[in-house]
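See structure below.
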Amino acid sequence: GADVAYVGAPGDLTGREDWLDQRIQAGEDRGALSRYDADGDRGRLSSIRGLQWRLRDNHDGLTGDDRADISSRLDDLSASLTAQWRDGD
């Protein structure tokens with residue numbers, strides 16, 4: 001539910017993105033997220049992934065600052081999901 005936390009490696013940005021994608025889908029499937037919220041969250045996640053790829057291309061890999069920026073954006077998206085969750089899980 002809403003209080004589920006990512007338990008993988010903290011530096012695994014792709015793993016966190018995949019986990020958030022699965023969480024969005026599960027929330028929509030269970031009715032814990034509205035379609036509107038789920039679509040918005042998928043859009044935010046897509047933007048974060050796009051930014052990650054652009055930064056990786058621009059810097060020939062991700063810098064520490066890039067990783068911190070992406071991680072912060074993923075944290076914000078995770079917090080939004082928690083706030084949107086409707087089933088009290």
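To be explicit about the labels: the chains of the structure tokens are called A, B, and onward in the order shown, and within each one the residues are counted from 1, while ligands get numbers from 1 in the order they are shown.
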Report as a tab-separated table the residues of segment 35-82 of chain A within 8 Å of segment 14-25 of chain A, each with its shortest atom pair and distance in Å (one decimal), using only C-alpha atoms, ordered by chain and increasing residue number.
```
residue	atom	partner	partner_atom	distance
A:Ala38	CA	A:Ile24	CA	5.9
A:Asp41	CA	A:Ile24	CA	7.2
A:Arg42	CA	A:Asp21	CA	7.1
A:Leu45	CA	A:Glu17	CA	7.1
A:Arg49	CA	A:Glu17	CA	7.7
A:Leu74	CA	A:Glu17	CA	7.3
A:Ser78	CA	A:Leu20	CA	7.1
A:Leu81	CA	A:Ile24	CA	7.6
```
Take the residues that were just selected and, keeping C-alpha atoms, output them as an mmCIF file, in the first residue's frame.
```
data_model
loop_
_atom_site.group_PDB
_atom_site.id
_atom_site.type_symbol
_atom_site.label_atom_id
_atom_site.label_comp_id
_atom_site.auth_asym_id
_atom_site.auth_seq_id
_atom_site.Cartn_x
_atom_site.Cartn_y
_atom_site.Cartn_z
ATOM 1 C CA ALA A 38 -1.667 7.253 -12.212
ATOM 2 C CA ASP A 41 2.614 9.875 -12.061
ATOM 3 C CA ARG A 42 3.622 7.888 -15.146
ATOM 4 C CA LEU A 45 8.349 9.083 -14.069
ATOM 5 C CA ARG A 49 13.818 8.719 -16.932
ATOM 6 C CA LEU A 74 12.240 9.871 -7.347
ATOM 7 C CA SER A 78 7.282 8.378 -4.126
ATOM 8 C CA LEU A 81 2.210 8.385 -4.522
#
```
In Å, with one decimal, what is the gap from atom CA of Asp37 of chain A to atom CA of Arg56 of chain A?
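Answer for the atom CA of Asp37 of chain A to atom CA of Arg56 of chain A separation: 28.5 Å.
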Pick out the residues sitting within 10 Å of Arg67 of chain A, and hand them over as number ranges by chain; count only C-alpha atoms, and ignore anything fewer than 6 positions along from it in its own chain.
A: 11-13, 52, 55-56, 61, 73
Could the residues in this selection be saved with all heavy atoms as a PDB file, in the first residue's frame?
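Written out: out_38.pdb:
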```pdb
ATOM      1  N   GLY A  11      21.542   3.290  -4.649  1.00  0.00           N
ATOM      2  CA  GLY A  11      22.101   3.879  -5.858  1.00  0.00           C
ATOM      3  C   GLY A  11      21.545   3.313  -7.149  1.00  0.00           C
ATOM      4  O   GLY A  11      21.916   3.762  -8.231  1.00  0.00           O
ATOM      5  N   ASP A  12      20.669   2.337  -7.048  1.00  0.00           N
ATOM      6  CA  ASP A  12      20.095   1.694  -8.235  1.00  0.00           C
ATOM      7  C   ASP A  12      18.911   2.517  -8.731  1.00  0.00           C
ATOM      8  O   ASP A  12      17.758   2.218  -8.426  1.00  0.00           O
ATOM      9  CB  ASP A  12      19.675   0.262  -7.900  1.00  0.00           C
ATOM     10  CG  ASP A  12      19.093  -0.484  -9.093  1.00  0.00           C
ATOM     11  OD1 ASP A  12      19.147   0.041 -10.225  1.00  0.00           O
ATOM     12  OD2 ASP A  12      18.576  -1.597  -8.879  1.00  0.00           O
ATOM     13  N   LEU A  13      19.203   3.565  -9.490  1.00  0.00           N
ATOM     14  CA  LEU A  13      18.155   4.463  -9.959  1.00  0.00           C
ATOM     15  C   LEU A  13      17.160   3.750 -10.862  1.00  0.00           C
ATOM     16  O   LEU A  13      15.948   3.939 -10.730  1.00  0.00           O
ATOM     17  CB  LEU A  13      18.767   5.661 -10.689  1.00  0.00           C
ATOM     18  CG  LEU A  13      19.670   6.557  -9.839  1.00  0.00           C
ATOM     19  CD1 LEU A  13      20.293   7.653 -10.700  1.00  0.00           C
ATOM     20  CD2 LEU A  13      18.907   7.154  -8.675  1.00  0.00           C
ATOM     21  N   GLN A  52      17.331  11.457 -16.840  1.00  0.00           N
ATOM     22  CA  GLN A  52      18.460  10.583 -16.513  1.00  0.00           C
ATOM     23  C   GLN A  52      19.261  10.231 -17.760  1.00  0.00           C
ATOM     24  O   GLN A  52      20.490  10.286 -17.758  1.00  0.00           O
ATOM     25  CB  GLN A  52      17.957   9.318 -15.825  1.00  0.00           C
ATOM     26  CG  GLN A  52      19.067   8.373 -15.433  1.00  0.00           C
ATOM     27  CD  GLN A  52      18.541   7.133 -14.724  1.00  0.00           C
ATOM     28  OE1 GLN A  52      17.417   7.110 -14.232  1.00  0.00           O
ATOM     29  NE2 GLN A  52      19.358   6.105 -14.670  1.00  0.00           N
ATOM     30  N   LEU A  55      21.157  13.401 -19.060  1.00  0.00           N
ATOM     31  CA  LEU A  55      22.322  13.689 -18.222  1.00  0.00           C
ATOM     32  C   LEU A  55      23.431  12.673 -18.462  1.00  0.00           C
ATOM     33  O   LEU A  55      24.606  13.038 -18.532  1.00  0.00           O
ATOM     34  CB  LEU A  55      21.930  13.695 -16.738  1.00  0.00           C
ATOM     35  CG  LEU A  55      21.032  14.847 -16.288  1.00  0.00           C
ATOM     36  CD1 LEU A  55      20.548  14.618 -14.865  1.00  0.00           C
ATOM     37  CD2 LEU A  55      21.754  16.178 -16.412  1.00  0.00           C
ATOM     38  N   ARG A  56      23.059  11.413 -18.595  1.00  0.00           N
ATOM     39  CA  ARG A  56      24.055  10.365 -18.857  1.00  0.00           C
ATOM     40  C   ARG A  56      24.771  10.633 -20.180  1.00  0.00           C
ATOM     41  O   ARG A  56      25.992  10.518 -20.266  1.00  0.00           O
ATOM     42  CB  ARG A  56      23.378   9.000 -18.881  1.00  0.00           C
ATOM     43  CG  ARG A  56      24.362   7.864 -19.115  1.00  0.00           C
ATOM     44  CD  ARG A  56      23.683   6.510 -19.032  1.00  0.00           C
ATOM     45  NE  ARG A  56      23.447   6.185 -17.637  1.00  0.00           N
ATOM     46  CZ  ARG A  56      22.304   5.731 -17.140  1.00  0.00           C
ATOM     47  NH1 ARG A  56      21.271   5.550 -17.913  1.00  0.00           N
ATOM     48  NH2 ARG A  56      22.190   5.449 -15.870  1.00  0.00           N
ATOM     49  N   GLY A  61      28.064   9.555 -18.683  1.00  0.00           N
ATOM     50  CA  GLY A  61      27.764   8.855 -17.438  1.00  0.00           C
ATOM     51  C   GLY A  61      27.161   9.845 -16.457  1.00  0.00           C
ATOM     52  O   GLY A  61      27.193  11.046 -16.690  1.00  0.00           O
ATOM     53  N   ARG A  73      14.233  13.563  -7.190  1.00  0.00           N
ATOM     54  CA  ARG A  73      12.998  13.556  -7.976  1.00  0.00           C
ATOM     55  C   ARG A  73      12.215  12.266  -7.757  1.00  0.00           C
ATOM     56  O   ARG A  73      10.980  12.286  -7.670  1.00  0.00           O
ATOM     57  CB  ARG A  73      13.314  13.746  -9.456  1.00  0.00           C
ATOM     58  CG  ARG A  73      13.828  15.139  -9.778  1.00  0.00           C
ATOM     59  CD  ARG A  73      14.366  15.220 -11.201  1.00  0.00           C
ATOM     60  NE  ARG A  73      15.064  16.448 -11.446  1.00  0.00           N
ATOM     61  CZ  ARG A  73      14.540  17.515 -12.057  1.00  0.00           C
ATOM     62  NH1 ARG A  73      13.297  17.472 -12.495  1.00  0.00           N
ATOM     63  NH2 ARG A  73      15.248  18.599 -12.235  1.00  0.00           N
TER      64      ARG A  73
END
```
How many Å lie between atom CA of Leu33 of chain A and atom CA of Thr82 of chain A, rounded to one decimal?
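Going from atom CA of Leu33 of chain A over to atom CA of Thr82 of chain A, I get 9.8 Å.
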For atom CA of Gly31 of chain A and atom CA of Ala79 of chain A, the interatomic separation in Å (one decimal)
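Rounded to one decimal, the two atoms are 18.0 Å apart.
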Write out as a PyMOL selection string all residues of chain A that DSSP puts in helix (DSSP H, G or I) for this structure's backbone.
chain A and resi 13-30+35-58+64-84
